[in-house]
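Data block below; observations after.
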Amino acid sequence: ATGRPMSTGRAGDKIFVSAARGSGITVLAIMAAIAAFLLWKAIGPLQENEANFLTSQVWDPNANPPRFGIAQLAFGTLMSSLLAMLIATPVAIGIAMFIAFYAPRRLAAGLGYVVDLLAAVPSIVYGLWGLIFLSQHMESVSSFLNGALGWIPLFGGDSPGRNSIFTAGVVLAIMILPIISSITREVFLQVPQPHIEASLALGATRWEMIRMSVLPYGRSGMIGASMLGLGRAMGETIAVAMVLTFVPGINWHILEDGGSTFAANIANSFAEASRTGQGALIASGLVLFVITLIVNMAARAVVARRKEFV
C-alpha cells in the first residue's frame, strides 16, 4: 500500500534532478556557444590588426591597415564601474538597513516598493536624465572636487567638465543602487530572529545588534549583490553612451571630459563600422564577456566560502 507513493516520489525526484541537470548544461552550452561565436567573428580582424590589441589606445579598425586596441575601453569600463560601486554600495546597504530595521513597517513596505520600481526603470531614461539634467550640474561639482582633491591624480587636471567618467560613474551608481539595495534588504530579512532577539536581550543597542548579528550573517549576500551591481554597471550601454564624450586616449583625470567603455563604443560604432570594424567590436565584446564572467565567478567563490553563515 505504501510502495506506490514512494515509487512516485522517487520518479519525481529523478525527473526533477534530470531537469535541473539539463537546465545547468543548457546554460553552460549557451555560454560556450556565445564565446565560440564571438571568437570566430573576432579571429580575422585580430589577425589583420597592426596594433597591440591589449595595450594600444588607438581605435581605428576601419583604417588601412586596421589599428585598434582595448586599453582605453578597458580603463573607462573598469574606472566608471568601480566609481559606481564606491558610490552606490554604502548608500544601498544603508537604505536596506533602514528599511529592514529602522523604518516603521508601513513606511518600510512603501519604501521597498519604490526601491524595487527604480530597478525597473529603462536604461535610456537614466541616460536622458543624465544627459539633460545631471550633466548640467556636474561641472560645478567637478570643479569643487578638483579644487579640494586636486592633489590626488584622479581628481587633478586643468579643465574639469560635465561629460566625464565621473559623471558616467554617478549615473551608473544610481542605476545599480536599487539592485544592490533590494537584494541586500532581502538578505537582512532572512537573518534568524533568535539571533536578533538574543543580541537585544543581552543589552545591545540596535546598531550593535546589526553589527554583531546581521552583518556577519548577510556578508556573503551583500558581496553577491554588489557583484551583481558591478556586472550591470560594466555592461551598461545606452546611459553611458549618452553621457560620455569620446576623446581618444586614456585620461587619468576622471573629472575631465572624455572616455569610453566597451559597451558604449559598440553602441556608437557598430552601425558605421566596416567588416573589419565590426569584427574588432566583436573582439572587444569578447573581452567584456570574459571580464564579466571572471567577476561573477569571483563573486560565487566569495559567497561559497561563507556558507557557514547561511
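All residue names refer to the C-alpha cells as shown: chains lettered A, B, ... in order, residues numbered from 1 in each chain, ligands numbered from 1 in order.
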Exercise for the section: Fewer than 5 positions away in the same chain doesn't count, so skip those; otherwise give me all residues within 10 Å of Ile132 in chain A, counting only C-alpha atoms, as a list in words. Expected result: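 So the residues in contact are Tyr126, Gly127, His137, Met242 and Val243 of chain A.
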Problem - Close residues, Ile196 in chain A itself excluded, 9 Å, only C-alpha atoms, min 5 positions apart in chain, as a ChimeraX atom specification - result: /A:191,201,209-210,213-214
Practice task
Please run DSSP on the backbone and report, as a ChimeraX atom specification, all residues within range 52-198 of chain A that come out as alpha helix (DSSP H).
Solution key: /A:71-97,105-118,123-129,135-149,165-189,193-198
Practice task
Pick out the residues sitting within 12 Å of Ala36 in chain A, and hand them over as a PyMOL selection string; count only C-alpha atoms, and ignore anything fewer than 4 positions along from it in its own chain.
Solution key: chain A and resi 29-32+40-43+282-283+286+289-290
Exercise for the section: Give me the residues within 8 Å of range 218-229 of chain A as a list in words, counting only C-alpha atoms and dropping any in the same chain fewer than 3 places off. Expected result: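 Skipping anything fewer than 3 positions along the chain leaves Met85, Thr89, Ile93, Ile176, Leu177, Ile179, Ile180, Ser181, Ile183, Thr184, Val187, Phe188, Val191, Val214, Leu215, Arg232, Ala233, Val295, Asn296, Ala299, Arg300, Val302, Val303, Arg306, Lys307 and Phe309 of chain A.
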Exercise for the section: Tell me which protein, DNA and RNA residues are within 12 Å of Thr167 in chain A, counting only C-alpha atoms, leaving out same-chain ones fewer than 3 positions away, and put them as an NGL selection string. Expected result: :A and (76 or 79-81 or 83-84 or 87 or 127 or 129-131 or 133-142 or 160-164 or 170-174 or 239-245 or 254-259)
Fill in the blank from the handout: For Ala263 in chain A, the closest of A:Leu38, A:Ala20, A:Ala74, A:Val114 counting only C-alpha atoms is A:Ala74
With only C-alpha atoms as the counted atoms, please give the residues lying no more than 8 Å from range 61-73 of chain A, apart from itself and same-chain residues fewer than 4 positions off, as a PDB file with C-alpha atoms, in the first residue's frame.
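Listed below is the output, out30.pdb:
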ATOM      1  CA  GLU A  48      44.715  41.891 -39.602  1.00  0.00           C
ATOM      2  CA  ASN A  49      45.288  44.260 -36.673  1.00  0.00           C
ATOM      3  CA  GLU A  50      48.589  46.174 -36.826  1.00  0.00           C
ATOM      4  CA  ALA A  51      48.445  47.372 -33.194  1.00  0.00           C
ATOM      5  CA  ASN A  52      48.657  45.514 -29.896  1.00  0.00           C
ATOM      6  CA  PHE A  53      45.070  44.575 -29.109  1.00  0.00           C
ATOM      7  CA  LEU A  54      45.558  44.544 -25.336  1.00  0.00           C
ATOM      8  CA  THR A  55      47.765  47.602 -24.773  1.00  0.00           C
ATOM      9  CA  SER A  56      47.102  50.010 -27.656  1.00  0.00           C
ATOM     10  CA  GLN A  57      44.944  53.092 -27.030  1.00  0.00           C
ATOM     11  CA  THR A  77      34.789  50.428 -18.241  1.00  0.00           C
ATOM     12  CA  PRO A 248      40.889  59.313 -27.829  1.00  0.00           C
ATOM     13  CA  GLY A 249      43.424  58.038 -25.312  1.00  0.00           C
ATOM     14  CA  ILE A 250      43.455  57.200 -21.623  1.00  0.00           C
ATOM     15  CA  GLY A 259      36.468  58.455 -22.117  1.00  0.00           C
ATOM     16  CA  SER A 260      34.688  55.405 -23.439  1.00  0.00           C
ATOM     17  CA  THR A 261      33.626  51.908 -22.389  1.00  0.00           C
ATOM     18  CA  PHE A 262      33.295  48.594 -24.187  1.00  0.00           C
ATOM     19  CA  ASN A 265      31.875  52.060 -28.031  1.00  0.00           C
ATOM     20  CA  ALA A 273      31.782  50.010 -38.968  1.00  0.00           C
ATOM     21  CA  SER A 274      33.213  48.061 -41.883  1.00  0.00           C
ATOM     22  CA  THR A 276      36.862  44.559 -40.042  1.00  0.00           C
ATOM     23  CA  GLY A 277      35.460  47.218 -37.739  1.00  0.00           C
ATOM     24  CA  ALA A 280      37.026  44.484 -33.895  1.00  0.00           C
ATOM     25  CA  SER A 284      36.106  43.923 -27.652  1.00  0.00           C
TER      26      SER A 284
END
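Close contacts of range 97-105 of chain A, defined as residues with an atom at most 7 Å away when counting only C-alpha atoms, with chain neighbours fewer than 3 positions off set aside, comprise Ile93, Gly94, Ala108, Ala109, Arg185, Phe188 and Leu189 of chain A.
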Practice task
Record the distance separating CA of Leu154 in chain A and CA of His253 in chain A, expressed in Å with one decimal.
Solution key: 4.7 Å
Exercise for the section: Between CA of Met175 in chain A and CA of Ala119 in chain A, measure the distance and give it in Å to one decimal. Expected result: 7.2 Å
